[in-house]
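Q: Handing over structure-v3.cif, mmCIF, C-alpha atoms and all ligand atoms.
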data_final
#
loop_
_atom_site.label_atom_id
_atom_site.label_comp_id
_atom_site.auth_asym_id
_atom_site.auth_seq_id
_atom_site.Cartn_x
_atom_site.Cartn_y
_atom_site.Cartn_z
CA MET A 50 0.00 0.00 0.00
CA ASP A 51 1.50 3.37 -0.85
CA LEU A 52 1.63 6.20 1.64
CA GLU A 53 -1.19 8.21 0.06
CA GLN A 54 -3.49 5.26 0.12
CA ARG A 55 -2.66 4.59 3.75
CA LEU A 56 -3.23 8.27 4.51
CA PHE A 57 -6.69 8.05 3.06
CA GLU A 58 -7.57 4.77 4.72
CA ASN A 59 -6.28 5.60 8.17
CA PHE A 60 -6.84 9.34 8.33
CA GLY A 61 -9.34 10.18 5.62
CA PHE A 62 -7.12 12.79 3.90
CA HIS A 63 -6.43 12.66 0.18
CA THR A 64 -3.10 14.46 0.12
CA PHE A 65 -0.24 15.16 2.48
CA LYS A 66 0.38 18.70 3.53
CA PRO A 67 3.77 20.12 2.57
CA GLY A 68 6.49 18.44 4.58
CA GLN A 69 4.46 15.59 6.06
CA LYS A 70 5.46 12.98 3.54
CA ALA A 71 9.15 13.85 3.70
CA VAL A 72 9.11 13.53 7.50
CA ILE A 73 7.33 10.19 7.34
CA GLU A 74 9.74 8.85 4.74
CA HIS A 75 12.77 9.84 6.79
CA LEU A 76 11.35 8.15 9.86
CA LEU A 77 10.49 4.99 7.99
CA LYS A 78 14.14 4.90 6.93
CA LYS A 79 15.03 5.17 10.64
CA GLN A 80 16.57 8.61 10.29
CA ASP A 81 16.40 11.04 13.19
CA THR A 82 14.47 14.04 11.97
CA LEU A 83 13.97 17.69 12.79
CA ALA A 84 10.79 19.04 11.24
CA VAL A 85 10.11 22.75 11.15
CA LEU A 86 6.65 23.15 9.70
CA PRO A 87 4.20 26.01 10.08
CA THR A 88 1.45 25.82 12.68
CA GLY A 89 -1.52 23.92 11.30
CA THR A 90 0.51 21.75 8.93
CA GLY A 91 -0.46 18.62 10.81
CA LYS A 92 2.82 17.82 12.46
CA SER A 93 1.13 15.32 14.76
CA LEU A 94 0.00 13.26 11.81
CA CYS A 95 3.67 12.48 11.08
CA TYR A 96 4.15 10.43 14.24
CA GLN A 97 0.61 9.07 14.29
CA PHE A 98 1.15 7.74 10.80
CA VAL A 99 4.58 6.25 11.43
CA GLY A 100 3.53 4.91 14.84
CA GLN A 101 0.86 2.80 13.21
CA MET A 102 3.41 1.29 10.85
CA ILE A 103 6.15 0.32 13.26
CA GLU A 104 6.30 -1.90 16.30
CA GLY A 105 6.86 -0.50 19.77
CA THR A 106 5.80 2.53 21.77
CA VAL A 107 5.62 6.05 20.42
CA LEU A 108 6.56 8.42 23.24
CA ILE A 109 5.50 12.02 22.70
CA VAL A 110 6.86 14.72 24.95
CA SER A 111 4.42 17.59 24.94
CA PRO A 112 4.58 20.81 26.95
CA LEU A 113 0.90 21.50 27.64
CA LEU A 114 -1.91 19.47 29.15
CA SER A 115 -4.33 20.89 26.60
CA LEU A 116 -2.11 19.81 23.69
CA MET A 117 -1.95 16.31 25.13
CA GLU A 118 -5.70 16.14 25.52
CA ASP A 119 -6.15 17.30 21.92
CA GLN A 120 -3.88 14.55 20.72
CA VAL A 121 -5.62 11.89 22.78
CA THR A 122 -9.00 12.88 21.32
CA GLN A 123 -7.58 13.16 17.80
CA LEU A 124 -6.18 9.63 18.04
CA GLN A 125 -9.28 8.22 19.67
CA LYS A 126 -11.44 9.69 16.94
CA LYS A 127 -9.34 7.76 14.45
CA GLY A 128 -10.13 4.57 16.34
CA GLU A 129 -6.83 4.33 18.21
CA THR A 130 -7.55 3.13 21.74
CA ARG A 131 -4.02 2.39 22.89
CA VAL A 132 -3.31 5.97 23.80
CA ILE A 133 -2.67 7.62 27.16
CA ALA A 134 -1.61 11.01 28.49
CA LEU A 135 0.75 10.68 31.43
CA ASN A 136 0.80 13.92 33.36
CA SER A 137 -0.17 15.65 36.58
CA SER A 138 -3.88 15.33 35.85
CA LEU A 139 -3.76 11.64 36.78
CA SER A 140 -4.42 10.65 40.37
CA PHE A 141 -1.79 8.67 42.24
CA LEU A 142 -3.60 5.40 41.66
CA GLU A 143 -4.29 6.11 38.01
CA LYS A 144 -0.65 6.88 37.50
CA GLN A 145 0.45 3.66 39.19
CA TYR A 146 -1.93 1.71 37.01
CA VAL A 147 -0.76 3.37 33.82
CA LEU A 148 2.88 2.85 34.72
CA ALA A 149 2.28 -0.81 35.42
CA HIS A 150 0.61 -1.25 32.02
CA LEU A 151 2.70 1.20 30.06
CA SER A 152 3.94 -1.22 27.45
CA GLU A 153 0.36 -1.94 26.38
CA TYR A 154 -0.11 1.58 25.02
CA LYS A 155 0.96 2.49 21.51
CA PHE A 156 1.01 6.26 21.99
CA VAL A 157 2.19 7.66 25.30
CA LEU A 158 1.91 11.43 25.62
CA ILE A 159 3.93 12.74 28.48
CA SER A 160 4.82 16.08 30.01
CA PRO A 161 8.51 16.80 30.42
CA GLU A 162 8.03 17.18 34.19
CA THR A 163 6.43 13.76 34.54
CA LEU A 164 9.01 12.20 32.27
CA THR A 165 11.88 13.37 34.42
CA GLN A 166 10.45 11.86 37.62
CA LYS A 167 12.65 9.02 38.73
CA GLU A 168 10.14 6.14 38.72
CA VAL A 169 8.71 7.23 35.38
CA ARG A 170 12.12 7.63 33.86
CA HIS A 171 13.05 4.19 34.99
CA LYS A 172 9.91 2.68 33.55
CA ILE A 173 10.32 4.47 30.23
CA ALA A 174 13.88 3.23 29.90
CA SER A 175 12.59 -0.33 30.09
CA LEU A 176 10.12 0.13 27.23
CA LYS A 177 10.77 -0.64 23.62
CA ILE A 178 10.51 2.84 22.24
CA ALA A 179 10.04 2.84 18.50
CA LEU A 180 9.82 6.59 18.16
CA PHE A 181 10.70 9.37 20.58
CA VAL A 182 8.84 12.55 19.66
CA ILE A 183 9.64 15.96 21.05
CA ASP A 184 6.73 18.22 20.25
CA GLU A 185 7.15 22.01 20.39
CA ALA A 186 10.89 21.40 20.44
CA HIS A 187 11.62 25.14 20.57
CA CYS A 188 10.76 24.90 24.29
CA VAL A 189 14.37 23.79 24.68
CA SER A 190 15.58 27.24 23.75
CA GLN A 191 16.84 29.12 26.79
CA TRP A 192 15.98 32.49 25.39
CA GLY A 193 12.49 31.87 24.09
CA VAL A 194 9.34 32.74 26.08
CA ASP A 195 8.31 29.09 25.92
CA PHE A 196 11.51 27.87 27.55
CA ARG A 197 10.99 24.75 29.67
CA PRO A 198 13.99 23.72 31.74
CA GLU A 199 12.92 20.07 31.71
CA TYR A 200 13.36 19.99 27.96
CA THR A 201 17.09 20.27 28.48
CA LYS A 202 17.01 16.88 30.24
CA LEU A 203 15.56 15.08 27.25
CA ALA A 204 18.96 14.23 25.81
CA GLY A 205 19.81 12.31 28.99
CA ILE A 206 16.53 10.43 28.82
CA GLN A 207 17.10 9.49 25.22
CA GLU A 208 20.46 8.10 26.24
CA GLU A 209 18.82 5.97 28.94
CA CYS A 210 16.44 4.64 26.31
CA GLY A 211 19.34 3.68 24.07
CA TYR A 212 18.86 6.54 21.63
CA PRO A 213 15.61 5.55 19.97
CA LEU A 214 14.59 6.99 16.63
CA THR A 215 13.80 10.65 17.37
CA LEU A 216 11.56 13.26 15.82
CA ALA A 217 11.68 16.90 16.95
CA LEU A 218 8.76 19.07 15.87
CA THR A 219 8.32 22.82 15.95
CA ALA A 220 6.97 25.73 13.96
CA THR A 221 9.67 28.06 15.22
CA ALA A 222 13.15 27.90 13.95
CA THR A 223 15.30 30.89 13.57
CA PRO A 224 18.87 29.76 12.94
CA ALA A 225 19.62 30.25 16.65
CA VAL A 226 16.70 28.15 17.88
CA LYS A 227 17.44 25.48 15.31
CA LYS A 228 21.01 25.30 16.49
CA GLU A 229 19.86 24.93 20.08
CA ILE A 230 17.47 22.14 19.17
CA LEU A 231 20.16 20.29 17.28
CA GLN A 232 22.61 20.65 20.15
CA GLN A 233 20.26 19.85 23.00
CA VAL A 234 17.92 17.31 21.47
CA PHE A 235 20.23 15.51 19.13
CA THR A 236 23.42 15.40 21.16
CA GLN A 237 25.52 12.43 20.16
CA ARG A 238 23.71 12.06 16.86
CA LYS A 239 25.57 12.53 13.65
CA GLU A 240 23.12 12.66 10.82
CA ILE A 241 19.91 14.50 11.32
CA SER A 242 17.43 14.76 8.47
CA GLU A 243 15.85 18.16 8.33
CA VAL A 244 12.51 19.00 6.85
CA ILE A 245 12.16 22.73 6.92
CA PHE A 246 9.39 24.63 5.24
CA SER A 247 9.00 28.33 5.08
CA VAL A 248 6.73 29.86 7.68
CA ASP A 249 5.27 32.01 4.94
CA ARG A 250 1.50 31.66 4.83
CA PRO A 251 0.45 33.07 1.49
CA ASN A 252 -3.24 33.18 2.43
CA ILE A 253 -2.59 35.64 5.26
CA GLY A 254 -2.38 39.28 4.19
CA LEU A 255 -0.13 41.35 6.43
CA ILE A 256 -1.00 44.91 7.39
CA VAL A 257 1.05 47.13 9.66
CA GLU A 258 -0.32 50.54 10.51
CA GLN A 259 1.39 53.22 12.48
CA ILE A 260 -1.44 54.95 14.23
CA ALA A 261 -2.02 57.00 17.38
CA GLU A 262 -5.76 56.42 17.73
CA LYS A 263 -5.72 52.67 18.02
CA ASP A 264 -9.12 52.31 19.65
CA ASP A 265 -11.01 53.97 16.80
CA ARG A 266 -9.08 52.04 14.26
CA LEU A 267 -9.71 48.77 16.03
CA ILE A 268 -13.44 49.39 16.14
CA SER A 269 -13.52 50.34 12.48
CA TYR A 270 -11.70 47.13 11.58
CA LEU A 271 -14.12 45.07 13.65
CA THR A 272 -17.17 46.61 12.04
CA GLN A 273 -15.73 46.12 8.56
CA LEU A 274 -14.40 42.62 9.04
CA ARG A 275 -17.49 41.14 10.75
CA ASN A 276 -15.70 37.89 11.30
CA LYS A 277 -13.99 35.65 13.85
CA GLY A 278 -10.68 36.89 15.11
CA ILE A 279 -8.14 37.16 17.88
CA ILE A 280 -6.96 40.49 19.27
CA TYR A 281 -3.58 40.21 20.92
CA CYS A 282 -2.61 42.63 23.67
CA ALA A 283 0.65 42.87 25.60
CA THR A 284 -0.89 42.94 29.07
CA ARG A 285 -3.89 41.52 30.89
CA LYS A 286 -5.05 44.99 31.65
CA THR A 287 -5.14 45.98 28.01
CA ALA A 288 -6.90 42.75 27.05
CA GLU A 289 -9.67 43.53 29.55
CA LYS A 290 -9.84 47.16 28.51
CA ILE A 291 -10.17 46.31 24.84
CA HIS A 292 -12.86 43.77 25.62
CA ARG A 293 -14.86 46.45 27.46
CA LEU A 294 -14.38 48.89 24.61
CA ILE A 295 -15.73 46.37 22.11
CA LYS A 296 -18.64 45.51 24.36
CA ASP A 297 -19.57 49.15 24.87
CA THR A 298 -19.31 50.28 21.27
CA THR A 299 -20.27 47.34 19.06
CA ASN A 300 -22.44 44.25 19.12
CA VAL A 301 -19.50 41.99 18.43
CA LYS A 302 -19.47 39.09 20.91
CA SER A 303 -16.22 39.44 22.75
CA ALA A 304 -14.41 38.02 25.78
CA PHE A 305 -11.00 38.45 27.32
CA TYR A 306 -8.49 35.68 27.93
CA HIS A 307 -5.28 35.74 29.92
CA GLY A 308 -3.19 33.84 32.43
CA GLY A 309 -5.07 35.45 35.34
CA LEU A 310 -8.17 33.37 34.65
CA THR A 311 -8.55 29.91 36.12
CA ALA A 312 -7.80 26.90 33.98
CA ASN A 313 -11.54 26.15 33.83
CA GLU A 314 -12.42 29.64 32.70
CA ARG A 315 -9.77 29.50 30.05
CA SER A 316 -10.83 26.16 28.73
CA LEU A 317 -14.46 27.31 28.61
CA LEU A 318 -13.52 30.44 26.66
CA GLN A 319 -11.45 28.39 24.27
CA GLN A 320 -14.40 26.09 23.64
CA GLN A 321 -16.77 29.02 23.15
CA PHE A 322 -14.41 30.62 20.68
CA VAL A 323 -13.83 27.42 18.74
CA SER A 324 -17.57 26.73 18.58
CA ASN A 325 -18.35 30.27 17.36
CA GLN A 326 -20.26 31.41 20.43
CA LEU A 327 -17.78 34.26 20.53
CA ASP A 328 -16.66 36.48 17.65
CA VAL A 329 -13.44 37.79 19.09
CA LEU A 330 -11.12 37.04 21.96
CA CYS A 331 -9.04 39.84 23.43
CA ALA A 332 -6.07 37.89 24.64
CA THR A 333 -2.55 38.02 25.87
CA ASN A 334 -0.04 35.57 24.47
CA ALA A 335 -1.33 33.07 27.03
CA PHE A 336 -3.86 32.20 24.34
CA GLY A 337 -2.98 30.21 21.32
CA MET A 338 -0.58 27.32 21.50
CA GLY A 339 -2.38 24.30 20.10
CA ILE A 340 -5.67 26.01 19.23
CA ASP A 341 -7.11 24.16 16.29
CA LYS A 342 -9.74 26.54 14.92
CA PRO A 343 -9.53 26.52 11.14
CA ASP A 344 -11.56 29.62 10.32
CA VAL A 345 -10.00 32.43 12.34
CA ARG A 346 -10.23 35.20 9.73
CA PHE A 347 -8.02 37.78 11.35
CA VAL A 348 -5.42 38.25 14.04
CA LEU A 349 -5.12 41.83 15.14
CA HIS A 350 -2.18 42.94 17.26
CA TYR A 351 -3.28 45.86 19.35
CA ASP A 352 0.21 45.90 20.85
CA CYS A 353 3.32 44.87 19.10
CA PRO A 354 4.35 41.27 19.81
CA ASP A 355 7.53 40.62 21.76
CA SER A 356 9.49 38.97 18.98
CA LEU A 357 9.28 38.18 15.34
CA GLU A 358 8.96 34.50 16.20
CA ASN A 359 5.92 35.10 18.33
CA TYR A 360 4.45 37.36 15.70
CA VAL A 361 4.72 34.55 13.19
CA GLN A 362 3.24 32.02 15.65
CA GLU A 363 0.39 34.34 16.54
CA ILE A 364 -0.62 35.38 13.04
CA GLY A 365 -0.33 31.72 12.06
CA ARG A 366 -3.53 31.12 14.01
CA ALA A 367 -5.42 32.89 11.24
CA GLY A 368 -6.52 31.06 8.12
CA ARG A 369 -5.55 27.54 9.02
CA ASP A 370 -8.18 26.39 6.53
CA GLY A 371 -6.18 28.07 3.74
CA GLN A 372 -8.83 30.76 3.11
CA ALA A 373 -7.89 34.41 2.82
CA SER A 374 -7.25 35.98 6.20
CA LEU A 375 -5.68 39.10 7.63
CA ALA A 376 -2.98 39.90 10.13
CA ILE A 377 -3.15 43.49 11.30
CA LEU A 378 -0.59 45.13 13.52
CA LEU A 379 -1.38 48.50 15.05
CA TYR A 380 1.82 50.21 15.99
CA GLN A 381 2.63 53.35 17.87
CA LYS A 382 6.12 54.61 18.35
CA GLY A 383 7.53 53.32 21.63
CA ASP A 384 5.28 50.22 21.81
CA GLU A 385 8.27 47.96 21.94
CA SER A 386 9.59 49.33 25.23
CA ILE A 387 7.17 47.25 27.28
CA HIS A 388 8.88 44.12 26.00
CA TYR A 389 12.33 45.29 26.98
CA TYR A 390 10.99 45.43 30.49
CA PHE A 391 9.39 42.01 30.32
CA GLN A 392 12.49 40.44 28.93
CA SER A 393 14.89 41.78 31.53
CA GLU A 394 12.48 40.72 34.25
CA SER A 395 11.88 37.24 32.99
CA ARG A 396 15.58 36.54 32.95
CA LEU A 397 15.78 37.40 36.63
CA ASP A 398 13.12 34.92 37.53
CA ARG A 399 14.49 32.22 35.36
CA GLU A 400 17.56 32.39 37.54
CA LEU A 401 15.44 32.31 40.63
CA LEU A 402 13.46 29.32 39.54
CA ASN A 403 16.45 27.36 38.50
CA GLU A 404 17.60 27.53 42.08
CA LEU A 405 14.29 26.52 43.50
CA ASN A 406 12.40 23.40 42.78
CA VAL A 407 9.28 25.35 42.14
CA ASN A 408 5.96 23.71 41.58
CA ASN A 409 2.28 23.83 41.37
CA LEU A 410 2.26 27.53 41.00
CA GLN A 411 -1.18 27.72 39.65
CA LYS A 412 -2.59 27.02 43.09
CA HIS A 413 -0.51 29.78 44.52
CA GLU A 414 -0.77 32.33 41.80
CA ASN A 415 -2.00 34.87 44.31
CA LEU A 416 1.45 34.85 45.81
CA LEU A 417 2.82 36.31 42.70
CA PRO A 418 0.78 39.36 41.94
CA GLU A 419 3.78 41.33 40.89
CA LEU A 420 4.86 38.87 38.28
CA ASN A 421 4.05 39.80 34.76
CA GLU A 422 2.34 37.76 32.12
CA ILE A 423 5.44 36.33 30.54
CA GLN A 424 6.87 35.30 33.86
CA GLN A 425 3.66 33.66 34.91
CA LYS A 426 3.42 31.81 31.68
CA TRP A 427 6.94 30.71 32.18
CA LEU A 428 6.31 29.76 35.77
CA GLN A 429 3.42 27.59 34.78
CA GLY A 430 5.94 25.35 33.13
CA TYR A 431 6.60 24.18 36.65
CA LEU A 432 3.07 23.18 37.39
CA GLU A 433 3.93 19.57 37.96
CA LYS A 434 6.81 19.43 40.38
CA GLU A 435 6.86 19.13 44.15
CA TYR A 436 7.97 22.12 46.16
CA THR A 437 7.30 23.90 49.40
CA ILE A 438 5.46 27.11 49.10
CA GLU A 439 7.41 28.60 52.01
CA GLU A 440 10.60 28.24 50.05
CA LEU A 441 9.09 29.96 47.11
CA GLU A 442 7.63 32.72 49.18
CA GLN A 443 10.86 33.47 50.96
CA ARG A 444 12.84 33.44 47.83
CA LEU A 445 10.42 35.71 46.05
CA LEU A 446 10.38 38.16 48.91
CA ARG A 447 14.14 38.35 48.92
CA LYS A 448 14.32 38.85 45.19
CA GLU A 449 11.51 41.30 45.41
CA LYS A 450 13.48 43.51 47.77
CA GLU A 451 16.52 43.36 45.59
CA ARG A 452 14.71 44.67 42.64
CA GLN A 453 12.15 46.85 44.30
CA GLN A 454 13.64 49.99 43.01
CA GLN A 455 13.81 48.82 39.46
CA LEU A 456 10.32 47.40 39.72
CA SER A 457 8.62 50.47 41.03
CA VAL A 458 10.14 52.66 38.38
CA MET A 459 9.22 50.26 35.63
CA LEU A 460 5.78 49.40 36.93
CA ASN A 461 4.87 53.06 37.16
CA TYR A 462 6.04 53.53 33.67
CA ILE A 463 4.04 50.65 32.36
CA ASN A 464 0.89 51.36 34.29
CA GLU A 465 0.79 55.02 33.57
CA GLU A 466 2.30 55.32 30.16
CA LYS A 467 1.46 52.08 28.49
CA CYS A 468 -1.69 50.55 29.85
CA ARG A 469 -3.76 53.66 29.48
CA ARG A 470 -3.61 53.72 25.75
P1 LIG B 501 0.41 21.42 13.97
O1 LIG B 501 0.88 20.64 15.17
O2 LIG B 501 1.33 21.32 12.82
O3 LIG B 501 0.07 22.85 14.29
P2 LIG B 501 -1.82 19.58 14.07
O4 LIG B 501 -1.04 18.34 14.09
O5 LIG B 501 -2.47 20.03 15.34
O6 LIG B 501 -0.96 20.79 13.48
O7 LIG B 501 -2.91 19.42 12.91
C1 LIG B 501 -3.74 20.47 12.51
C2 LIG B 501 -4.94 19.95 11.75
O8 LIG B 501 -4.57 19.51 10.44
C3 LIG B 501 -5.61 18.77 12.42
O9 LIG B 501 -6.98 19.03 12.52
C4 LIG B 501 -5.31 17.60 11.49
O10 LIG B 501 -6.33 16.63 11.51
C5 LIG B 501 -5.23 18.29 10.14
N1 LIG B 501 -4.42 17.56 9.15
C6 LIG B 501 -3.28 16.88 9.36
N2 LIG B 501 -2.81 16.35 8.23
C7 LIG B 501 -3.66 16.70 7.24
C8 LIG B 501 -3.73 16.44 5.81
N3 LIG B 501 -2.79 15.74 5.21
N4 LIG B 501 -4.77 16.98 5.15
C9 LIG B 501 -5.71 17.71 5.77
N5 LIG B 501 -5.72 17.97 7.10
C10 LIG B 501 -4.71 17.48 7.83
MG MG B 502 1.30 20.60 17.13
#
Translate this structure into structure tokens?

A:
Amino acid sequence: MDLEQRLFENFGFHTFKPGQKAVIEHLLKKQDTLAVLPTGTGKSLCYQFVGQMIEGTVLIVSPLLSLMEDQVTQLQKKGETRVIALNSSLSFLEKQYVLAHLSEYKFVLISPETLTQKEVRHKIASLKIALFVIDEAHCVSQWGVDFRPEYTKLAGIQEECGYPLTLALTATATPAVKKEILQQVFTQRKEISEVIFSVDRPNIGLIVEQIAEKDDRLISYLTQLRNKGIIYCATRKTAEKIHRLIKDTTNVKSAFYHGGLTANERSLLQQQFVSNQLDVLCATNAFGMGIDKPDVRFVLHYDCPDSLENYVQEIGRAGRDGQASLAILLYQKGDESIHYYFQSESRLDRELLNELNVNNLQKHENLLPELNEIQQKWLQGYLEKEYTIEELEQRLLRKEKERQQQLSVMLNYINEEKCRR
């Protein structure tokens, strides 16, 4: 049976998307592969497809619970029952059960934090791993906002597993990130097949406007576009403010979404947006990774994004169905300064957290009111580990004193100058 035929029979698609077939062919030839394919290409299909053709377990390291859940449902819908997500959402007993029966599953999705726990690590090393998948492999990059320290331990785990066939997947690869992935994920490997496709999305028209009156412009776009879209803001405060503005001046159905909402609230909003009960979401960059809504017609940046990579990721959420869509960036001179602040701050806390074994921050988010969005997002990477809250508190207080001066100056600046736009 040729690959196209198998694609149709097992997945119901007539053609591969650009890059998919090349990745699958490399893997079938047992070549370690780095695939850089735009968001929405169907990167998951690559390992689902190969997994069904080879013997042994497919282990998929994935950074977010929601991404894992998506994958589990995707696979189950295709009739695959031997699939499990191994992460902090399992109870103690469930986890013990799953670990005891691990070799019976074909696809094991696992968070990096769970994977690095001793007993799990041990168990994984005893499996016959046919394919080791590192999803969102850019999380290994120290300098990206999605950095996850546990990703840097994956090379060691691969070694313990006897270097199984490995696939690293991401949509982000500047030369620097690519280099980091190759160094950290494929240490000790000589020949890595690369499948790299341009992040260019020809169906997304790009507009950048330098404009002082952003609010008016935003409203005029919304009334003209009359379609589903995401409005990205740099802070929670702005996201809420823009939501209120839309509510007060239009009949567009809007909501705001940011890391300050509970996980339940966020998941509900995501569902409402995906099922068209909402027209627009005013969101910080906490919204987006793994959202599979095909018909987002525009992504409007009310604030400038913090890097070109994130800009590309964020606008990539428009037009996943290939239909014409718009990416609009409203820019005002000086907009970028907020990100200089965020970036210097998030480095500080990265240091802090490397020292601490910080965990389960979501429960204790109220401890961290002074942390900004990017830090909190980053901190949530630690959701799964054990730690004492006293330790965290003490450490934060100490750090807080150290940087009080810098903070108060910068916070004033941001609150007064930036968030009142
Ligand atoms: P990525 O991880 O690259 O952002 P996903 O793996 O989440 O993308 O897949 C995005 C969507 O594309 C899914 O709904 C998937 O079913 C669909 N898809 C995957 N491969 C194909 C294909 N060859 N043809 C059409 N749709 C596909
Ligand atoms: Mg994906």

Q: Rounded to one decimal in Å, what is the spacing between atom CA of Leu94 of chain A and atom CA of Tyr212 of chain A?

A: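 That distance, rounded to one decimal, is 22.3 Å.
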
Q: Check every protein, DNA and RNA residue against ligand MG 502 (chain B), keep those with an atom at most 9 Å away (counting all atoms listed in the file), and present them as a compact mmCIF listing (two decimals) with C-alpha atoms, keeping the file's coordinate frame.

A:
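The resulting file, selection.txt, is reproduced below:
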# COMPACT_ATOMS: atom_id res chain seq x y z
CA THR A 88 1.45 25.82 12.68
CA GLY A 89 -1.52 23.92 11.30
CA THR A 90 0.51 21.75 8.93
CA GLY A 91 -0.46 18.62 10.81
CA LYS A 92 2.82 17.82 12.46
CA SER A 93 1.13 15.32 14.76
CA SER A 111 4.42 17.59 24.94
CA LEU A 116 -2.11 19.81 23.69
CA GLN A 120 -3.88 14.55 20.72
CA ASP A 184 6.73 18.22 20.25
CA GLU A 185 7.15 22.01 20.39
CA LEU A 218 8.76 19.07 15.87
CA THR A 219 8.32 22.82 15.95
CA ALA A 220 6.97 25.73 13.96
CA MET A 338 -0.58 27.32 21.50
CA GLY A 339 -2.38 24.30 20.10

Q: Which is closest to ligand LIG 501 (chain B) among A:Gln233, A:Thr221, A:Ser138, A:Ser374, if we use only C-alpha atoms and all ligand atoms?

A: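 Counting only C-alpha atoms and all ligand atoms, the residue closest to ligand LIG 501 (chain B) is A:Thr221.
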
Q: Pick the closest to Ile241 of chain A from A:Gln80, A:Ser386, A:Asn276, A:Gln166: which is it, counting only C-alpha atoms?

A: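 Ranked by minimum distance to Ile241 of chain A, first place goes to A:Gln80.
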
Q: Counting only C-alpha atoms, find residues at most 9 Å from (-18.8, 34.5, 19.8) (file frame) and give them as a ChimeraX atom specification.

A: /A:277,301-304,321-330

Q: Which residues come within 10 Å of Ala149 of chain A, counting all atoms listed in the file, excluding same-chain residues fewer than 5 positions away, as an MDAnalysis selection string?

A: chainID A and resid 143:144 172

Q: As AutoDock Vina command-line options, please: the centre and edge lengths in Å, to one decimal, of an axis-aligned box enclosing every listed atom of ligand LIG 501 (chain B) with 6 Å added on each side.

A:
--center_x -2.8 --center_y 19.3 --center_z 10.2 --size_x 20.3 --size_y 19.1 --size_z 22.2

Q: Any idea what's packed within 12 Å of Arg369 of chain A, counting only C-alpha atoms, ignoring anything in its chain fewer than 2 positions away? Could you give it as a PyMOL selection string?

A: chain A and resi 66+87-91+250-253+339-348+362-367+371-375

Q: For the atom pair atom CA of Tyr306 of chain A and atom CA of Gln123 of chain A, what is the interatomic distance in Å to one decimal place?

A: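 It comes out at 24.7 Å.
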
Q: Using all atoms listed in the file, can you list as a list in words the residues within 7 Å of (-2.2, 38.1, 30.8)?

A: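 Looking at atoms near the point gives Thr284, Arg285, His307, Gly308, Gly309, Thr333, Ala335 and Glu422 of chain A.
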
Q: Name the closest residue to ligand LIG 501 (chain B) among the candidates A:Glu314, A:Glu118, A:Asp51, A:Asp355; distances are taken between atoms, counting all atoms listed in the file.

A: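 Answer, going by the shortest atom-to-atom distance: A:Glu118.
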
Q: Between A:Cys95, A:Cys331, A:Val257, A:Leu318, single out the one closest to Leu180 of chain A, counting all atoms listed in the file.

A: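 Ranking A:Cys95, A:Cys331, A:Val257, A:Leu318 by distance to Leu180 of chain A, first place goes to A:Cys95.
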
Q: Just to confirm, what's the straight-line distance from atom CA of Val121 of chain A to atom CA of Asn136 of chain A in Å (one decimal)?

A: 12.5 Å

Q: Give me the residues within 10 Å of Leu203 of chain A as a count of residues only, counting only C-alpha atoms and dropping any in the same chain fewer than 5 places off.

A: 13

Q: Which residue, A:Glu262, A:Glu58, A:Glu240, A:Glu168, has the smallest gap to ligand LIG 501 (chain B) when you use only C-alpha atoms and all ligand atoms?

A: A:Glu58

Q: Using only C-alpha atoms, which of A:Ile206, A:Leu214, A:Ile291, A:Ile279 sits nearest Tyr96 of chain A?

A: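 For Tyr96 of chain A, the nearest of the given residues is A:Leu214.
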